[in-house]
Structure formats: structure tokens, C-alpha cells
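Participant: Before anything else, here's the structure in question.
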Amino acid sequence: MQTIGILGAGKLGTVVARLAVAAGYRVLVAGSGDPARISLIVEVVTPGATAVTAAEAAAKSDIVILALPLGKYRTLPVAELRGKLVLDAMNYWWEVDGIRDDLRSSSAQVQAFLPESRVVKALNHMGYHDLDAGPRPAGAPDRKAIAIAGDDPVAVREAAAVVDTLGFDPVAVGGLADGVRLEPGTPIFGAVLSQEQMQGYAQSSPPRIVPS
Ligand SMILES: NC(=O)c1ccc[n+]([C@@H]2O[C@H](COP(=O)([O-])OP(=O)(O)OC[C@H]3O[C@@H](n4cnc5c(N)ncnc54)[C@H](OP(=O)(O)O)[C@@H]3O)[C@@H](O)[C@H]2O)c1
């Protein structure tokens, strides 16, 4: 059984934890501090998952999902994430992070901060309610797509397998730099698309509109 560690026990992190437990993974969830602060939430909202520290979630997992505000990425446990497949679900979201010129390339920046981890952008563009309602078995006619972006083809393949196991059709849209095309300010952000629609989107290049 593989272990998924989720850094962030908020709206997205708890939904992804539920999906991961349902998909058969062992799941560790962390907030920013003492696990005692989130243990009740984890027990009630994500039964089957375990609350731990962020360092523990990173160290003890095969796959780590980043579900914390992007503005906090410099607090990530770099050493414990070394060598890990890291699915970056974070976005530059100016309503939370404020208007910041230093957060605009997102997953490429996260990869630069975690040089020895294998970062793939994934699970960032669909709202948590839609993710929660979305998982379907492979081949289901109403299965939804999750776009992924990464530079390392092996890591992208592994990330695609995780997305598929969670109940969504993975669609690769390019390298880490292309991940910004999945973020707030683009038509894809918040959209719930089929695999075919997502593949069509991947071939187009609509502009991203970000306030400055
Ligand atoms: N909400 C969505 O529908 C959605 C969908 C896709 C992607 N996203 C992205 O997912 C990320 C989280 O969004 P959210 O809406 O879930 O935010 P949220 O509800 O505010 O939750 C953020 C969580 O991150 C935790 N956190 C902060 N610093 C941390 C650290 N160093 N290590 C571990 N956990 C840490 C917070 O813990 P404390 O309370 O202890 O600070 C909190 O549990 C954002 O980047 C967002 O853009 C969100």
C-alpha cells in the first residue's frame, strides 16, 4: 500500500485526503503546526487518515500533495521531501496571497525551492466541492479530467497514475512552466471538463489575466 502525505488540512487538503482514503492509500495529513490542532477535523472529516506534522507527512509518504497557500511554500520541509513525487495543487491566488510579483510562475518556483523533489502540478484547477463530487471509475461516461504539468516524464506518468486512482482522467498539458495555464486568471480555473474538452484546452493557449 502506498502512502500519500497531504500538506494542508484546509478545504482542498481534507477533500483530497478523503479521495485518497477511498482510493485505498494510507493517508497522512498535516497542517502548519501541532497535529493535535487538526486531529479532530481529520477524524471527523477524513476518517481513515492520520494527523501528523508536516515533516512526518513528507518523510513517511511515497507521494506528497501540496495543499497549502502558495505564499507559504518557503515553509515546506525541503529535506524530508527529497526524492519524493510531489503533486503541487497550489495556486497563486491573490485574494489569499495578496498581489505579489514573486509568485507568478508557481510550480516552477516550487520545483526550484525543492530541487531534489520531483514536482508535478496537479489537482489545482478544480474547486474542492467539484473534486469531492467528482471521482468516478475509469471508463465512466461522466468521468472528469484533471490536468497535470511537469518536466520529468517519469514523474508525470506517476502523477497521472495517482490522478487516475483518485477517480479522474489525467491530461498532460505540458511542462511545469505551462502550469500557470491552469491557475486563477485562466478559463480552465474552476472549470469542470471531460477528458476530451481538457485535451482541446491543452492545445489552445488562452491568455492568463492576473492583477498587478
Ligand atoms: N479551495 C479550493 O477549492 C482549491 C482547489 C484547488 C487548489 N487549491 C489550492 O490549494 C491550496 C490550499 O487551499 P485551501 O482552500 O485548502 O486553503 P485553506 O482552506 O486555507 O487551507 C490551507 C491549509 O494549509 C495549511 N498550511 C499552511 N502552512 C502549512 C505548512 N507549512 N505545512 C502544512 N500545512 C500548512 C493550513 O494550516 P494552518 O491552519 O495550521 O495554518 C491549512 O490547513 C491553495 O494553494 C489553493 O490555491 C484550492
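Each chain in the C-alpha cells gets a letter, A, B and so on, in the order shown; residues start at 1 in every chain, and ligands are counted from 1 in the order they appear.
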Show me, as CSV, the residues of chain A having an atom within 6 Å of ligand 1, each with the closest atom pair and its distance in Å, using only C-alpha atoms and all ligand atoms.

Facilitator:
residue,atom,partner,partner_atom_place_in_ligand_line,distance
A:Leu7,CA,ligand 1,33 (C),4.1
A:Gly8,CA,ligand 1,24 (O),3.5
A:Ala9,CA,ligand 1,43 (O),3.5
A:Gly10,CA,ligand 1,21 (O),3.2
A:Lys11,CA,ligand 1,16 (O),3.7
A:Leu12,CA,ligand 1,16 (O),3.7
A:Gly13,CA,ligand 1,16 (O),5.5
A:Ala30,CA,ligand 1,33 (C),5.3
A:Gly31,CA,ligand 1,34 (N),3.6
A:Ser32,CA,ligand 1,40 (O),3.8
A:Gly33,CA,ligand 1,40 (O),5.4
A:Ala54,CA,ligand 1,33 (C),5.2
A:Ala67,CA,ligand 1,11 (C),4.1
A:Leu68,CA,ligand 1,24 (O),3.5
A:Pro69,CA,ligand 1,45 (O),3.8
A:Leu70,CA,ligand 1,45 (O),4.7
A:Lys72,CA,ligand 1,28 (N),5.6
A:Thr75,CA,ligand 1,31 (N),4.6
A:Leu76,CA,ligand 1,31 (N),5.2
A:Ala89,CA,ligand 1,7 (C),5.1
A:Met90,CA,ligand 1,45 (O),3.2
A:Asn91,CA,ligand 1,47 (O),3.9
A:Trp93,CA,ligand 1,47 (O),5.7
A:Asn124,CA,ligand 1,7 (C),3.9
A:His125,CA,ligand 1,6 (C),5.2
A:Met126,CA,ligand 1,5 (C),5.4
A:Gly127,CA,ligand 1,3 (O),3.5
A:Tyr128,CA,ligand 1,3 (O),3.7

Participant: Per residue of region 105-173 of chain A within 12 Å of region 185-192 of chain A, note the shortest atom pair and the distance in Å to one decimal, counting only C-alpha atoms, and order the rows by chain and increasing residue number, as a Markdown table.

Facilitator:
| residue | atom | partner | partner_atom | distance |
| --- | --- | --- | --- | --- |
| A:Leu123 | CA | A:Phe189 | CA | 10.8 |
| A:Asn124 | CA | A:Phe189 | CA | 8.2 |
| A:His125 | CA | A:Phe189 | CA | 4.8 |
| A:Met126 | CA | A:Gly190 | CA | 5.0 |
| A:Gly127 | CA | A:Gly190 | CA | 5.6 |
| A:Tyr128 | CA | A:Gly190 | CA | 9.4 |
| A:His129 | CA | A:Gly190 | CA | 10.3 |
| A:Asp130 | CA | A:Val192 | CA | 7.4 |
| A:Leu131 | CA | A:Val192 | CA | 9.0 |
| A:Ala133 | CA | A:Val192 | CA | 11.0 |
| A:Gly134 | CA | A:Val192 | CA | 9.0 |
| A:Pro135 | CA | A:Val192 | CA | 12.0 |
| A:Asp142 | CA | A:Val192 | CA | 10.8 |
| A:Arg143 | CA | A:Val192 | CA | 10.1 |
| A:Lys144 | CA | A:Val192 | CA | 6.7 |
| A:Ala145 | CA | A:Val192 | CA | 7.5 |
| A:Ile146 | CA | A:Val192 | CA | 8.7 |
| A:Ala147 | CA | A:Ile188 | CA | 9.3 |
| A:Phe168 | CA | A:Val192 | CA | 11.1 |
| A:Asp169 | CA | A:Val192 | CA | 11.7 |
| A:Val173 | CA | A:Ile188 | CA | 11.6 |

Participant: Save the residues we just selected, C-alpha atoms, as an mmCIF file, in the first residue's frame?

Facilitator:
data_model
loop_
_atom_site.group_PDB
_atom_site.id
_atom_site.type_symbol
_atom_site.label_atom_id
_atom_site.label_comp_id
_atom_site.auth_asym_id
_atom_site.auth_seq_id
_atom_site.Cartn_x
_atom_site.Cartn_y
_atom_site.Cartn_z
ATOM 1 C CA LEU A 123 -5.249 18.825 -8.657
ATOM 2 C CA ASN A 124 -5.072 22.638 -8.660
ATOM 3 C CA HIS A 125 -7.721 23.792 -11.092
ATOM 4 C CA MET A 126 -10.925 22.162 -9.859
ATOM 5 C CA GLY A 127 -12.756 23.612 -6.854
ATOM 6 C CA TYR A 128 -12.831 21.406 -3.783
ATOM 7 C CA HIS A 129 -16.615 20.871 -3.970
ATOM 8 C CA ASP A 130 -16.297 19.612 -7.540
ATOM 9 C CA LEU A 131 -13.353 17.405 -6.632
ATOM 10 C CA ALA A 133 -18.271 15.117 -6.021
ATOM 11 C CA GLY A 134 -16.113 14.140 -8.997
ATOM 12 C CA PRO A 135 -14.434 10.740 -8.615
ATOM 13 C CA ASP A 142 -19.226 11.283 -16.828
ATOM 14 C CA ARG A 143 -15.641 10.990 -15.554
ATOM 15 C CA LYS A 144 -13.925 14.387 -15.238
ATOM 16 C CA ALA A 145 -10.396 15.351 -16.240
ATOM 17 C CA ILE A 146 -7.562 16.687 -14.121
ATOM 18 C CA ALA A 147 -4.777 18.470 -15.965
ATOM 19 C CA PHE A 168 -10.182 11.317 -12.634
ATOM 20 C CA ASP A 169 -8.807 11.207 -16.180
ATOM 21 C CA VAL A 173 -0.766 19.813 -20.688
#

Participant: Mind checking which residues fall within 12 Å of Pro115 (chain A), counting only C-alpha atoms, ignoring those fewer than 3 positions away in the same chain, and posting them as JSON, numbers by chain?

Facilitator: {"A": [78, 79, 81, 82, 83, 84, 85, 86, 107, 108, 109, 110, 111, 112, 118, 119]}

Participant: Only N, CA and C atoms, please: the residues just picked out, written as a PDB file, in the first residue's frame.

Facilitator:
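What ended up in out28.pdb:
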ATOM      1  N   VAL A  78      11.947  20.867   3.182  1.00  0.00           N
ATOM      2  CA  VAL A  78      12.736  20.553   1.990  1.00  0.00           C
ATOM      3  C   VAL A  78      13.462  19.203   2.118  1.00  0.00           C
ATOM      4  N   ALA A  79      14.117  18.990   3.252  1.00  0.00           N
ATOM      5  CA  ALA A  79      14.928  17.766   3.396  1.00  0.00           C
ATOM      6  C   ALA A  79      14.044  16.522   3.329  1.00  0.00           C
ATOM      7  N   LEU A  81      11.308  16.143   1.862  1.00  0.00           N
ATOM      8  CA  LEU A  81      10.662  15.971   0.547  1.00  0.00           C
ATOM      9  C   LEU A  81      11.646  15.511  -0.531  1.00  0.00           C
ATOM     10  N   ARG A  82      12.905  15.385  -0.150  1.00  0.00           N
ATOM     11  CA  ARG A  82      13.941  14.983  -1.107  1.00  0.00           C
ATOM     12  C   ARG A  82      13.589  13.626  -1.744  1.00  0.00           C
ATOM     13  N   GLY A  83      13.631  13.576  -3.050  1.00  0.00           N
ATOM     14  CA  GLY A  83      13.402  12.318  -3.771  1.00  0.00           C
ATOM     15  C   GLY A  83      11.930  11.961  -3.944  1.00  0.00           C
ATOM     16  N   LYS A  84      11.052  12.714  -3.314  1.00  0.00           N
ATOM     17  CA  LYS A  84       9.613  12.352  -3.344  1.00  0.00           C
ATOM     18  C   LYS A  84       8.915  12.885  -4.602  1.00  0.00           C
ATOM     19  N   LEU A  85       7.878  12.136  -5.007  1.00  0.00           N
ATOM     20  CA  LEU A  85       6.958  12.665  -6.011  1.00  0.00           C
ATOM     21  C   LEU A  85       6.055  13.661  -5.301  1.00  0.00           C
ATOM     22  N   VAL A  86       6.064  14.913  -5.754  1.00  0.00           N
ATOM     23  CA  VAL A  86       5.314  15.977  -5.086  1.00  0.00           C
ATOM     24  C   VAL A  86       4.270  16.521  -6.065  1.00  0.00           C
ATOM     25  N   SER A 107       4.451  26.561  -9.910  1.00  0.00           N
ATOM     26  CA  SER A 107       5.076  25.237  -9.734  1.00  0.00           C
ATOM     27  C   SER A 107       6.548  25.222 -10.134  1.00  0.00           C
ATOM     28  N   ALA A 108       6.939  26.043 -11.095  1.00  0.00           N
ATOM     29  CA  ALA A 108       8.356  26.107 -11.454  1.00  0.00           C
ATOM     30  C   ALA A 108       9.145  26.664 -10.268  1.00  0.00           C
ATOM     31  N   GLN A 109       8.537  27.611  -9.574  1.00  0.00           N
ATOM     32  CA  GLN A 109       9.188  28.169  -8.377  1.00  0.00           C
ATOM     33  C   GLN A 109       9.280  27.133  -7.266  1.00  0.00           C
ATOM     34  N   VAL A 110       8.205  26.362  -7.125  1.00  0.00           N
ATOM     35  CA  VAL A 110       8.181  25.329  -6.084  1.00  0.00           C
ATOM     36  C   VAL A 110       9.260  24.291  -6.394  1.00  0.00           C
ATOM     37  N   GLN A 111       9.399  23.906  -7.674  1.00  0.00           N
ATOM     38  CA  GLN A 111      10.445  22.949  -8.055  1.00  0.00           C
ATOM     39  C   GLN A 111      11.830  23.528  -7.738  1.00  0.00           C
ATOM     40  N   ALA A 112      12.000  24.818  -7.981  1.00  0.00           N
ATOM     41  CA  ALA A 112      13.311  25.437  -7.693  1.00  0.00           C
ATOM     42  C   ALA A 112      13.581  25.418  -6.187  1.00  0.00           C
ATOM     43  N   ARG A 118      10.527  15.658  -7.051  1.00  0.00           N
ATOM     44  CA  ARG A 118      10.018  15.547  -8.428  1.00  0.00           C
ATOM     45  C   ARG A 118       8.626  16.177  -8.444  1.00  0.00           C
ATOM     46  N   VAL A 119       8.572  17.450  -8.833  1.00  0.00           N
ATOM     47  CA  VAL A 119       7.335  18.232  -8.715  1.00  0.00           C
ATOM     48  C   VAL A 119       6.509  18.141  -9.997  1.00  0.00           C
TER      49      VAL A 119
END

Participant: Given the choices A:Gly200, A:Val15, A:Gly175, A:Ala57, which gets closest to Val29 (chain A) if the distance is worked out from only C-alpha atoms?

Facilitator: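 Closest candidate: A:Ala57.
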
Participant: Would you mind telling me which residue in A:Arg74, A:Arg208, A:Arg26, A:Lys121 lies nearest to Gly174 (chain A) when using only C-alpha atoms?

Facilitator: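 Of all the options, A:Lys121 lies closest to Gly174 (chain A).
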
Participant: Would you please give, as a list in words, all residues of region 12-168 of chain A that DSSP assigns to strand (DSSP E) based on the backbone?

Facilitator: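 Restricting region 12-168 of chain A to strand (DSSP E) produces Arg26, Val27, Leu28, Val29, Ala30, Thr50, Ala51, Ile63, Val64, Ile65, Leu66, Leu85, Val86, Leu87, Asp88, Arg118, Val119, Val120, Lys121, Ala122, Ala145, Ile146, Ala147, Ile148, Ala149 and Gly150 of chain A.
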
Participant: Go ahead and save the residues from that selection, with C-alpha atoms, as a PDB file, in the first residue's frame.

Facilitator:
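Generated output (again.pdb):
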ATOM      1  CA  ARG A  26      -2.639   5.144   3.554  1.00  0.00           C
ATOM      2  CA  VAL A  27      -3.081   8.871   4.194  1.00  0.00           C
ATOM      3  CA  LEU A  28      -1.182  11.262   6.453  1.00  0.00           C
ATOM      4  CA  VAL A  29      -2.446  14.842   6.803  1.00  0.00           C
ATOM      5  CA  ALA A  30      -0.629  17.869   8.224  1.00  0.00           C
ATOM      6  CA  THR A  50      -3.949  10.245  10.341  1.00  0.00           C
ATOM      7  CA  ALA A  51      -2.918  13.706  11.554  1.00  0.00           C
ATOM      8  CA  ILE A  63       3.703  10.766  -2.686  1.00  0.00           C
ATOM      9  CA  VAL A  64       3.161  14.224  -1.171  1.00  0.00           C
ATOM     10  CA  ILE A  65       0.385  16.608  -2.154  1.00  0.00           C
ATOM     11  CA  LEU A  66       0.883  20.326  -1.509  1.00  0.00           C
ATOM     12  CA  LEU A  85       6.958  12.665  -6.011  1.00  0.00           C
ATOM     13  CA  VAL A  86       5.314  15.977  -5.086  1.00  0.00           C
ATOM     14  CA  LEU A  87       1.951  16.916  -6.562  1.00  0.00           C
ATOM     15  CA  ASP A  88       1.649  20.675  -6.338  1.00  0.00           C
ATOM     16  CA  ARG A 118      10.018  15.547  -8.428  1.00  0.00           C
ATOM     17  CA  VAL A 119       7.335  18.232  -8.715  1.00  0.00           C
ATOM     18  CA  VAL A 120       4.263  17.879 -10.931  1.00  0.00           C
ATOM     19  CA  LYS A 121       1.418  20.361 -10.939  1.00  0.00           C
ATOM     20  CA  ALA A 122      -1.872  18.525 -10.382  1.00  0.00           C
ATOM     21  CA  ALA A 145     -10.396  15.351 -16.240  1.00  0.00           C
ATOM     22  CA  ILE A 146      -7.562  16.687 -14.121  1.00  0.00           C
ATOM     23  CA  ALA A 147      -4.777  18.470 -15.965  1.00  0.00           C
ATOM     24  CA  ILE A 148      -1.192  17.813 -14.949  1.00  0.00           C
ATOM     25  CA  ALA A 149       2.006  19.619 -15.910  1.00  0.00           C
ATOM     26  CA  GLY A 150       5.582  18.585 -15.294  1.00  0.00           C
TER      27      GLY A 150
END

Participant: Work out how far apart CA of Asp164 (chain A) and CA of Lys60 (chain A) are and give it in Å to one decimal.

Facilitator: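 Computing the Euclidean distance for CA of Asp164 (chain A) and CA of Lys60 (chain A) yields 22.3 Å.
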
Participant: Which residue gives the smallest distance to Pro137 (chain A) among A:Leu166, A:Ala172, A:Ala155, A:Ile99, with only C-alpha atoms counted?

Facilitator: A:Leu166

Participant: When distances are computed from only C-alpha atoms, which of A:Glu196, A:Val52, A:Gln2, A:Pro206 shows the smallest separation from Leu182 (chain A)?

Facilitator: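 Closest residue, counting only C-alpha atoms: A:Pro206.
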
Participant: Which of these residues is nearest to Asp178 (chain A), using only C-alpha atoms: A:Arg104, A:Ala159, A:Ala138, A:Thr165?

Facilitator: A:Arg104

Participant: Pick out the residues sitting within 10 Å of Ser212 (chain A), and hand them over as a ChimeraX atom specification; count only C-alpha atoms, and ignore anything fewer than 3 positions along from it in its own chain.

Facilitator: /A:94,99-101,209

Participant: From the options A:Gln199, A:Ser61, A:Ser105, A:Thr14, which residue's atoms come nearest to Glu43 (chain A), counting only C-alpha atoms?

Facilitator: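 Looking only at the distances to Glu43 (chain A), the closest residue turns out to be A:Thr14.
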